[in-house]
Amino acid sequence: MPERTDHWSADRYEANARFVSDLGAGVLEWLAPQAGEHILDLGCGDGALTERLVAAGAEVVGSDFSADMVAGAVARGIDARVMDGHALDFDQQFDAVFSNAALHWMTDPDAVIAGVARSLRPNGRFVAEFGGHGNVAAIRVALSSVIERLTGQVNAPGDIWYFPSCAEHSARLERAGFTVDRIAPIPRPTPIPSDMAGWLETLAAPVLASVPEALRAQVRDEAAALLHPALCDSDGNWTADYMRIRFEARLG
Ligand code: BEZ
């Protein structure tokens with residue numbers, strides 16, 4: 001697993017990626033949080049979606065790898081903690097673990113799933129949505145092609161993201177003692193409010209950080225130019241080629 005570095009900025013996220021939490025309504029419906037339930041929001045970011053769990057009357061803890069994002073969540077009044085999702089430090093204290101658009105950043109999924117299993121009470125549920133196989137495929141290919149041409153580095157973004165098929169992810173959950181009640185691939189072409197340069201700077205920050213600083217703006221701009229015919233319409237609106245996985249699994 002590559003070493004994890006915190007590339008997140010709450011301000012940049014607010015400007016370029018607010019849509020990520022806005023799109024969490026579907027997975028929230030699957031969670032159906034109940035008043036009084038103890039719920040962990042794994043990868044809570046700045047807490048925009050976590051607030052919805054609190055509003056449902058749940059007792060919520062948020063965790064995120066990024067100190068800047070956790071500060072944003074705490075500013076919303078959420079009990080949020082800086083914690084690596086690969087090393088969750090909870091012991092059978094949650095009725096449910098919830099996660100939106102975060103699991104694909106955790107590239108040792110078996111460690112994450114084991115930590116979720118330790119965090120849940122018997123029969124607890126794990127409900128999440130994240131990037132699945134084929135997610136942002138065009139964006140990955142554009143980045144990898146430009147980076148290889150400019151730096152000679154092959155196969156960037158490599159293993160920065162975990163984008164499994166439903167079958168692969170189900171098998172991992174089952175090996176860890178979960179029963180998968182439902183899992184579905186969700187193709188979701190997603191309009192992005194800024195432009196591709198803003199998306200790349202915010203959501204592909206670790207990929208850009210892996211190239212020499214002097215080349216980052218060029219990588220960003222050349223990748224955006226390569227993607228323009230495929231992902232930008234004639235009115236200048238960009239759409240990212242998202243493919244999600246949504247699942248509900250139960251411990252035991
Ligand atoms: C996603 O939410 O699907 C995503 C976010 C950042 C990079 C790649 C994909």
# chains A, B, ... in the order shown; residues from 1 in each chain; ligands from 1
>>> residues_around(residues="Ala73 of chain A", least_positions_apart="2", cutoff="9 Å", atoms="only C-alpha atoms", output="list in words")
Cys44, Gly45, Asp46, Gly47, Ala48, Thr50, Glu51, Gly62, Asp68, Met69, Val70, Ala71, Ala75, Arg76, Gly77, Ile78, Asp79 and Ala80 of chain A
>>> residues_near_ligand(ligand="ligand 1", cutoff="8 Å", atoms="only C-alpha atoms and all ligand atoms", output="JSON, numbers by chain")
{"A": [20, 101, 102, 104, 105, 130, 131, 132, 135, 136, 161, 202, 203, 204, 242, 243, 244]}
>>> residues_around(residues="Val146 of chain A", least_positions_apart="4", cutoff="8 Å", atoms="only C-alpha atoms", output="count of residues only")
5
>>> select_by_dssp(residues="segment 23-230 of chain A", states="strand (DSSP E or B)", output="PyMOL selection string")
chain A and resi 38-42+59-64+79-82+94-100+120-131+178-192
>>> closest_residue(among="A:Glu129, A:Asp195, A:Phe163, A:Glu29", to="Cys232 of chain A", atoms="only C-alpha atoms")
A:Asp195
>>> select_by_dssp(residues="segment 150-206 of chain A", states="helix (DSSP H, G or I)", output="list in words")
Leu150, Thr151, Cys166, Ala167, Glu168, His169, Ser170, Ala171, Arg172, Leu173, Glu174, Arg175, Met196, Ala197, Gly198, Trp199, Leu200, Glu201, Thr202, Leu203, Ala205 and Pro206 of chain A
>>> atom_distance(atom1="atom CA of Ala114 of chain A", atom2="atom CA of Glu174 of chain A")
11.0 Å
